[in-house]
file coords.cif (mmCIF, C-alpha atoms)
data_data
#
loop_
_atom_site.label_atom_id
_atom_site.label_comp_id
_atom_site.auth_asym_id
_atom_site.auth_seq_id
_atom_site.Cartn_x
_atom_site.Cartn_y
_atom_site.Cartn_z
CA MET A 1 74.07 132.94 80.20
CA LEU A 2 76.54 134.31 77.64
CA LYS A 3 79.41 131.81 77.22
CA VAL A 4 82.36 132.91 75.07
CA ALA A 5 85.70 131.26 74.32
CA ILE A 6 88.46 133.63 73.19
CA TYR A 7 91.10 131.92 71.05
CA GLY A 8 94.24 133.07 69.29
CA LYS A 9 97.95 132.56 68.83
CA GLY A 10 100.12 132.73 71.97
CA GLY A 11 101.12 136.31 72.71
CA ILE A 12 98.51 137.85 70.42
CA GLY A 13 96.66 139.62 73.25
CA LYS A 14 93.92 137.13 74.17
CA SER A 15 94.32 137.77 77.88
CA THR A 16 94.21 141.54 77.37
CA VAL A 17 91.00 141.21 75.33
CA THR A 18 89.43 138.70 77.71
CA SER A 19 90.19 140.54 80.96
CA ASN A 20 89.08 143.90 79.54
CA LEU A 21 85.87 142.30 78.29
CA ALA A 22 85.34 140.76 81.74
CA ALA A 23 85.90 144.17 83.36
CA ALA A 24 83.53 145.82 80.86
CA PHE A 25 80.76 143.29 81.54
CA ALA A 26 81.30 143.69 85.30
CA THR A 27 80.98 147.48 85.15
CA MET A 28 77.78 146.95 83.14
CA GLY A 29 76.38 145.11 86.16
CA LYS A 30 76.93 141.54 84.99
CA ARG A 31 78.14 138.63 87.12
CA VAL A 32 81.24 137.36 85.33
CA ILE A 33 83.50 134.31 85.53
CA GLN A 34 86.84 134.32 83.68
CA ILE A 35 88.63 131.00 83.26
CA GLY A 36 92.21 131.07 81.97
CA CYS A 37 92.91 127.92 79.91
CA ASP A 38 96.63 128.36 79.32
CA PRO A 39 99.59 126.74 81.13
CA LYS A 40 101.08 130.24 81.69
CA ALA A 41 98.13 130.95 84.03
CA ASP A 42 98.32 134.73 83.56
CA SER A 43 94.89 135.38 82.06
CA THR A 44 93.35 137.00 85.13
CA ILE A 45 96.38 138.80 86.60
CA ASN A 46 95.21 142.29 85.53
CA LEU A 47 91.88 141.74 87.28
CA LEU A 48 93.77 140.85 90.47
CA GLU A 49 95.99 143.93 90.90
CA GLY A 50 98.89 142.17 89.18
CA LYS A 51 98.92 139.27 91.64
CA PRO A 52 99.05 135.77 90.11
CA LEU A 53 96.34 133.29 91.07
CA ARG A 54 97.25 129.76 92.15
CA PRO A 55 96.23 127.52 89.22
CA VAL A 56 93.97 124.50 89.69
CA MET A 57 96.64 122.08 88.43
CA ASN A 58 99.20 123.52 90.89
CA TYR A 59 96.75 123.06 93.75
CA MET A 60 96.13 119.42 92.85
CA ARG A 61 99.85 118.74 92.41
CA GLU A 62 101.02 120.51 95.57
CA GLU A 63 98.20 119.38 97.87
CA ASP A 64 97.96 115.91 96.31
CA GLU A 65 94.19 116.14 96.46
CA GLU A 66 91.28 117.85 94.78
CA PRO A 67 90.02 121.13 96.27
CA GLU A 68 86.87 120.78 98.34
CA LYS A 69 85.49 124.25 97.76
CA LEU A 70 85.57 126.91 95.03
CA GLU A 71 87.40 129.35 97.29
CA ASP A 72 90.47 127.07 97.17
CA ILE A 73 90.96 127.69 93.44
CA SER A 74 89.27 131.00 92.69
CA LYS A 75 89.46 134.65 93.68
CA GLU A 76 87.21 137.64 93.07
CA GLY A 77 88.91 140.41 91.13
CA PHE A 78 87.94 143.83 89.78
CA GLY A 79 84.18 144.34 89.60
CA GLY A 80 83.57 141.04 91.37
CA VAL A 81 84.82 138.97 88.41
CA LEU A 82 85.42 135.41 89.63
CA CYS A 83 88.88 134.41 88.40
CA ILE A 84 90.08 130.82 87.82
CA GLU A 85 93.25 129.55 86.15
CA THR A 86 93.60 125.95 84.94
CA GLY A 87 97.40 126.05 84.74
CA GLY A 88 99.21 123.05 83.34
CA PRO A 89 101.43 120.07 84.16
CA THR A 90 105.04 120.21 85.30
CA PRO A 91 106.94 121.36 82.19
CA GLY A 92 107.95 118.35 80.11
CA LEU A 93 105.65 116.02 82.02
CA GLY A 94 102.05 115.50 81.02
CA CYS A 95 99.64 117.16 78.62
CA ALA A 96 98.36 120.71 79.13
CA GLY A 97 95.17 119.87 77.25
CA ARG A 98 94.43 117.10 79.73
CA GLY A 99 94.81 119.70 82.49
CA ILE A 100 91.99 121.74 80.99
CA ILE A 101 89.72 118.69 80.76
CA ALA A 102 90.50 117.70 84.38
CA THR A 103 89.83 121.27 85.58
CA PHE A 104 86.50 121.49 83.78
CA GLN A 105 85.39 118.20 85.33
CA LEU A 106 86.41 119.48 88.75
CA LEU A 107 84.48 122.74 88.26
CA GLU A 108 81.41 120.68 87.40
CA ASP A 109 81.88 118.60 90.54
CA LEU A 110 82.14 121.82 92.58
CA ARG A 111 78.94 123.07 90.91
CA LEU A 112 80.62 126.32 89.82
CA PHE A 113 77.83 127.61 87.59
CA GLU A 114 74.97 126.57 89.87
CA THR A 115 76.71 128.18 92.86
CA TYR A 116 77.88 131.43 91.28
CA LYS A 117 75.01 131.87 88.76
CA PRO A 118 77.00 133.99 86.27
CA ASP A 119 75.55 136.14 83.50
CA VAL A 120 78.76 135.85 81.46
CA VAL A 121 81.48 133.16 81.32
CA LEU A 122 84.70 133.88 79.42
CA TYR A 123 87.30 131.25 78.54
CA ASP A 124 90.77 132.48 77.56
CA VAL A 125 92.25 129.63 75.47
CA LEU A 126 95.62 129.11 73.83
CA GLY A 127 95.06 128.67 70.09
CA ASP A 128 98.46 127.58 68.73
CA VAL A 129 97.54 123.92 69.24
CA VAL A 130 93.85 123.09 68.89
CA CYS A 131 94.13 119.61 70.39
CA GLY A 132 91.30 117.84 72.18
CA GLY A 133 92.04 119.52 75.51
CA PHE A 134 92.31 123.05 74.16
CA ALA A 135 89.18 122.42 72.09
CA ALA A 136 87.25 121.34 75.21
CA PRO A 137 85.52 124.73 75.73
CA ILE A 138 83.98 124.55 72.25
CA ARG A 139 83.56 120.79 72.07
CA GLU A 140 81.99 119.96 75.41
CA GLY A 141 79.31 122.64 75.33
CA TYR A 142 80.94 125.00 77.83
CA ALA A 143 81.10 127.89 75.35
CA GLU A 144 78.56 128.83 72.70
CA LYS A 145 80.42 131.61 70.93
CA VAL A 146 84.06 131.87 69.82
CA LEU A 147 86.04 135.08 69.36
CA ILE A 148 89.28 134.77 67.40
CA VAL A 149 91.92 137.37 68.28
CA THR A 150 94.41 138.07 65.50
CA SER A 151 96.68 140.71 64.06
CA GLY A 152 97.83 141.00 60.45
CA GLU A 153 100.92 138.91 61.20
CA LYS A 154 101.30 135.74 59.16
CA MET A 155 101.47 133.29 62.08
CA ALA A 156 98.56 134.95 63.87
CA LEU A 157 96.39 134.55 60.78
CA TYR A 158 97.62 130.96 60.35
CA ALA A 159 96.51 130.18 63.91
CA ALA A 160 93.20 131.97 63.32
CA ASN A 161 92.57 129.78 60.28
CA ASN A 162 93.33 126.63 62.29
CA ILE A 163 90.93 127.72 65.03
CA SER A 164 88.10 128.46 62.59
CA SER A 165 88.67 125.03 60.97
CA ALA A 166 88.53 123.33 64.38
CA VAL A 167 85.23 125.04 65.23
CA ARG A 168 83.75 124.08 61.85
CA ASN A 169 84.55 120.42 62.60
CA PHE A 170 81.96 120.60 65.38
CA GLU A 171 79.29 122.60 63.57
CA ASP A 172 77.00 119.64 62.93
CA ARG A 173 76.94 118.79 66.65
CA SER A 174 75.40 122.08 67.87
CA TYR A 175 78.63 123.09 69.57
CA ALA A 176 80.14 126.58 69.64
CA ARG A 177 80.07 128.87 66.61
CA VAL A 178 82.60 131.53 65.64
CA PHE A 179 81.03 134.89 66.49
CA GLY A 180 83.75 137.01 64.93
CA ILE A 181 87.31 138.25 64.68
CA VAL A 182 88.90 140.78 67.02
CA LEU A 183 91.67 142.65 65.20
CA ASN A 184 94.32 143.45 67.79
CA HIS A 185 96.56 145.83 65.87
CA ARG A 186 100.33 145.27 65.72
CA ASN A 187 100.79 147.94 63.04
CA VAL A 188 102.30 145.55 60.49
CA GLU A 189 102.23 146.57 56.85
CA ASN A 190 98.76 146.42 55.23
CA GLU A 191 97.37 144.95 58.46
CA VAL A 192 93.75 145.95 58.01
CA GLN A 193 93.68 144.73 54.40
CA LYS A 194 95.21 141.36 55.38
CA VAL A 195 92.69 140.75 58.16
CA GLN A 196 89.81 141.95 55.99
CA ALA A 197 90.92 139.49 53.30
CA PHE A 198 90.95 136.66 55.87
CA SER A 199 87.53 137.77 57.10
CA LYS A 200 86.10 137.69 53.57
CA GLU A 201 87.69 134.35 52.70
CA SER A 202 86.60 132.66 55.94
CA GLY A 203 83.18 134.32 56.11
CA ILE A 204 83.91 135.48 59.68
CA PRO A 205 83.06 139.13 60.41
CA ILE A 206 85.42 141.53 62.17
CA VAL A 207 83.44 142.40 65.31
CA GLY A 208 86.07 144.41 67.18
CA GLU A 209 89.24 146.42 66.60
CA ILE A 210 91.74 147.29 69.30
CA PRO A 211 94.30 149.91 68.23
CA ARG A 212 97.90 149.44 69.33
CA SER A 213 98.10 151.53 72.47
CA ASP A 214 100.66 152.50 75.08
CA GLU A 215 97.70 152.99 77.42
CA ILE A 216 97.10 149.22 77.59
CA ILE A 217 100.77 148.60 78.44
CA ARG A 218 100.81 151.39 81.03
CA TYR A 219 97.83 150.03 82.95
CA GLU A 220 98.96 146.41 82.67
CA ASP A 221 102.27 147.46 84.22
CA GLN A 222 100.12 148.59 87.19
CA GLY A 223 98.23 145.28 87.24
CA GLN A 224 95.05 146.77 85.80
CA THR A 225 92.83 146.55 82.75
CA VAL A 226 92.24 149.74 80.77
CA ILE A 227 88.59 149.51 81.84
CA GLU A 228 89.68 149.84 85.48
CA GLY A 229 92.43 152.39 84.83
CA ASN A 230 90.53 154.74 82.52
CA PRO A 231 86.94 153.66 81.73
CA GLU A 232 86.36 156.81 79.65
CA SER A 233 89.25 156.24 77.20
CA GLU A 234 88.89 155.44 73.50
CA ILE A 235 90.40 151.99 74.08
CA SER A 236 87.89 151.25 76.85
CA ARG A 237 85.05 152.24 74.51
CA ARG A 238 86.22 149.59 72.04
CA PHE A 239 85.86 146.89 74.70
CA TYR A 240 82.46 148.21 75.82
CA ASP A 241 81.26 148.16 72.20
CA LEU A 242 82.35 144.53 71.80
CA ALA A 243 80.70 143.58 75.10
CA LYS A 244 77.44 145.18 73.95
CA LYS A 245 77.58 143.33 70.62
CA LEU A 246 77.98 140.03 72.42
CA LEU A 247 75.08 140.79 74.76
CA GLU A 248 72.83 141.93 71.91
CA SER A 249 73.52 138.67 70.05
CA GLU A 250 71.89 136.82 72.96
CA GLU A 251 68.64 138.81 72.75
#

call {"tool": "encode", "arguments": {"input": "coords.cif", "output": "structure tokens"}}
result
Amino acid sequence: MLKVAIYGKGGIGKSTVTSNLAAAFATMGKRVIQIGCDPKADSTINLLEGKPLRPVMNYMREEDEEPEKLEDISKEGFGGVLCIETGGPTPGLGCAGRGIIATFQLLEDLRLFETYKPDVVLYDVLGDVVCGGFAAPIREGYAEKVLIVTSGEKMALYAANNISSAVRNFEDRSYARVFGIVLNHRNVENEVQKVQAFSKESGIPIVGEIPRSDEIIRYEDQGQTVIEGNPESEISRRFYDLAKKLLESEE
């Protein structure tokens, strides 16, 4: 089972990368689970025709009980990708990181992985604050590889550095390792050089590059990934190439 956590600064394009990767794996014949680990709970929306999924934390809050079956908190999207959103607490009340930990425990109790038997599990994780809860996918053994999504913007690179430092803190415990950087272009000045410099300094390779593209925006406006909207496009090929790299690293 390939288990990947995708981290990065809020708004940097993690959900775009994650959902397109999920769609790419699915069209390659893989059974995929995508788990959104962000209070915004919008990670899987473009796999679900633009329709938001009820987050786990909302279910528990509104029903005042834990779900009894996976169908209560999940939905199959494009290509059969099983979509789950952790969600978060009521704004201003409670800790979002704790929500992730509670959700993961619940998914274990519901025997998610034994029931669904996925080939690929993708975690889409907010990377602005790498607290204990947001670090759960890499700390508790859920993920084995980490992708860091960044642009050449200063704050995106700052967050990327924090994420790589957090992962290194767990290196001696056989937890997740950073697989590489995905450069999601924002077309800032000297962007490639800035990210290459970060890559060299951190020792983390650039494993994928996603050009800034109106095509991504156009299909997301229709509630789709680029993979679903135009699987033959240049942008789709970038996601397929990254998916193949991740699969080959498991061989």

call {"tool": "resolve_selection", "arguments": {"input": "coords.cif", "expression": "the PyMOL selection byres ((chain A and resi 203-208) around 8)", "output": "VMD selection string"}}
result
chain A and resid 178 to 183 196 199 to 202 209 to 210 238 to 239 241 to 242 245

call {"tool": "closest_residue", "arguments": {"input": "coords.cif", "among": "A:Asp38, A:Glu144, A:Glu49, A:Glu65", "to": "Gly223 (chain A)", "atoms": "all atoms listed in the file"}}
result
A:Glu49

call {"tool": "residues_around", "arguments": {"input": "coords.cif", "residues": "Ile216 (chain A)", "least_positions_apart": "6", "cutoff": "9 Å", "atoms": "only C-alpha atoms", "output": "ChimeraX atom specification"}}
result
/A:16,224-226,235

call {"tool": "write_last_selection", "arguments": {"input": "coords.cif", "atoms": "C-alpha atoms", "output": "PDB file, in the coordinates of the input"}}
result
ATOM      1  CA  THR A  16      94.210 141.540  77.370  1.00  0.00           C
ATOM      2  CA  GLN A 224      95.050 146.770  85.800  1.00  0.00           C
ATOM      3  CA  THR A 225      92.830 146.550  82.750  1.00  0.00           C
ATOM      4  CA  VAL A 226      92.240 149.740  80.770  1.00  0.00           C
ATOM      5  CA  ILE A 235      90.400 151.990  74.080  1.00  0.00           C
TER       6      ILE A 235
END

call {"tool": "closest_residue", "arguments": {"input": "coords.cif", "among": "A:Lys69, A:Arg111, A:His185, A:Arg54", "to": "Thr86 (chain A)", "atoms": "all atoms listed in the file"}}
result
A:Arg54

call {"tool": "resolve_selection", "arguments": {"input": "coords.cif", "expression": "the PyMOL selection byres ((chain A and resi 25) around 12)", "output": "NGL selection string"}}
result
:A and (2 or 18-24 or 26-34 or 78-81 or 118-122 or 227-228 or 236 or 239-247)

call {"tool": "closest_residue", "arguments": {"input": "coords.cif", "among": "A:Lys9, A:Arg173, A:Arg218, A:Lys40", "to": "Glu85 (chain A)", "atoms": "all atoms listed in the file"}}
result
A:Lys40

call {"tool": "residues_around", "arguments": {"input": "coords.cif", "residues": "Ile6 (chain A)", "least_positions_apart": "5", "cutoff": "8 Å", "atoms": "only C-alpha atoms", "output": "number ranges by chain"}}
result
A: 14, 18, 122-125, 146-149

call {"tool": "closest_residue", "arguments": {"input": "coords.cif", "among": "A:Ile73, A:Cys37, A:Leu47, A:Leu82", "to": "Arg98 (chain A)", "atoms": "only C-alpha atoms"}}
result
A:Cys37

call {"tool": "closest_residue", "arguments": {"input": "coords.cif", "among": "A:Leu110, A:Tyr142, A:Glu71, A:Asp128", "to": "Ile35 (chain A)", "atoms": "all atoms listed in the file"}}
result
A:Tyr142

call {"tool": "resolve_selection", "arguments": {"input": "coords.cif", "expression": "the PyMOL selection byres ((chain A and resi 88) around 12)", "output": "MDAnalysis selection string"}}
result
chainID A and resid 36:42 54:61 85:87 89:103 126 133:134

call {"tool": "atom_distance", "arguments": {"input": "coords.cif", "atom1": "CA of Thr150 (chain A)", "atom2": "CA of Ile217 (chain A)"}}
result
17.9 Å

call {"tool": "atom_distance", "arguments": {"input": "coords.cif", "atom1": "CA of Ser213 (chain A)", "atom2": "CA of Gly229 (chain A)"}}
result
13.6 Å

call {"tool": "atom_distance", "arguments": {"input": "coords.cif", "atom1": "CA of Ala160 (chain A)", "atom2": "CA of Val17 (chain A)"}}
result
15.3 Å

call {"tool": "residues_around", "arguments": {"input": "coords.cif", "residues": "Asp221 (chain A)", "least_positions_apart": "6", "cutoff": "10 Å", "atoms": "all atoms listed in the file", "output": "PyMOL selection string"}}
result
chain A and resi 46+49-50+215

call {"tool": "write_last_selection", "arguments": {"input": "coords.cif", "atoms": "C-alpha atoms", "output": "PDB file, in the coordinates of the input"}}
result
ATOM      1  CA  ASN A  46      95.210 142.290  85.530  1.00  0.00           C
ATOM      2  CA  GLU A  49      95.990 143.930  90.900  1.00  0.00           C
ATOM      3  CA  GLY A  50      98.890 142.170  89.180  1.00  0.00           C
ATOM      4  CA  GLU A 215      97.700 152.990  77.420  1.00  0.00           C
TER       5      GLU A 215
END

call {"tool": "closest_residue", "arguments": {"input": "coords.cif", "among": "A:Glu189, A:Glu140, A:Glu62, A:Glu248", "to": "Gln105 (chain A)", "atoms": "all atoms listed in the file"}}
result
A:Glu140

call {"tool": "residues_around", "arguments": {"input": "coords.cif", "residues": "Arg139 (chain A)", "least_positions_apart": "4", "cutoff": "12 Å", "atoms": "only C-alpha atoms", "output": "short mmCIF file (atom, residue, chain, number, x, y, z; two decimals) with C-alpha atoms, keeping the file's coordinate frame"}}
result
data_model
loop_
_atom_site.label_atom_id
_atom_site.label_comp_id
_atom_site.auth_asym_id
_atom_site.auth_seq_id
_atom_site.Cartn_x
_atom_site.Cartn_y
_atom_site.Cartn_z
CA ALA A 5 85.70 131.26 74.32
CA ILE A 101 89.72 118.69 80.76
CA VAL A 130 93.85 123.09 68.89
CA CYS A 131 94.13 119.61 70.39
CA GLY A 132 91.30 117.84 72.18
CA GLY A 133 92.04 119.52 75.51
CA PHE A 134 92.31 123.05 74.16
CA ALA A 135 89.18 122.42 72.09
CA ALA A 143 81.10 127.89 75.35
CA GLU A 144 78.56 128.83 72.70
CA LYS A 145 80.42 131.61 70.93
CA VAL A 146 84.06 131.87 69.82
CA ALA A 166 88.53 123.33 64.38
CA VAL A 167 85.23 125.04 65.23
CA ARG A 168 83.75 124.08 61.85
CA ASN A 169 84.55 120.42 62.60
CA PHE A 170 81.96 120.60 65.38
CA GLU A 171 79.29 122.60 63.57
CA ASP A 172 77.00 119.64 62.93
CA ARG A 173 76.94 118.79 66.65
CA SER A 174 75.40 122.08 67.87
CA TYR A 175 78.63 123.09 69.57
CA ALA A 176 80.14 126.58 69.64
CA ARG A 177 80.07 128.87 66.61
#

call {"tool": "axis_aligned_box", "arguments": {"input": "coords.cif", "around": "region 23-37 of chain A", "padding_each_side": "4 Å", "output": "JSON"}}
result
{"center_x": 84.6, "center_y": 137.7, "center_z": 83.5, "size_x": 24.5, "size_y": 27.6, "size_z": 15.2}
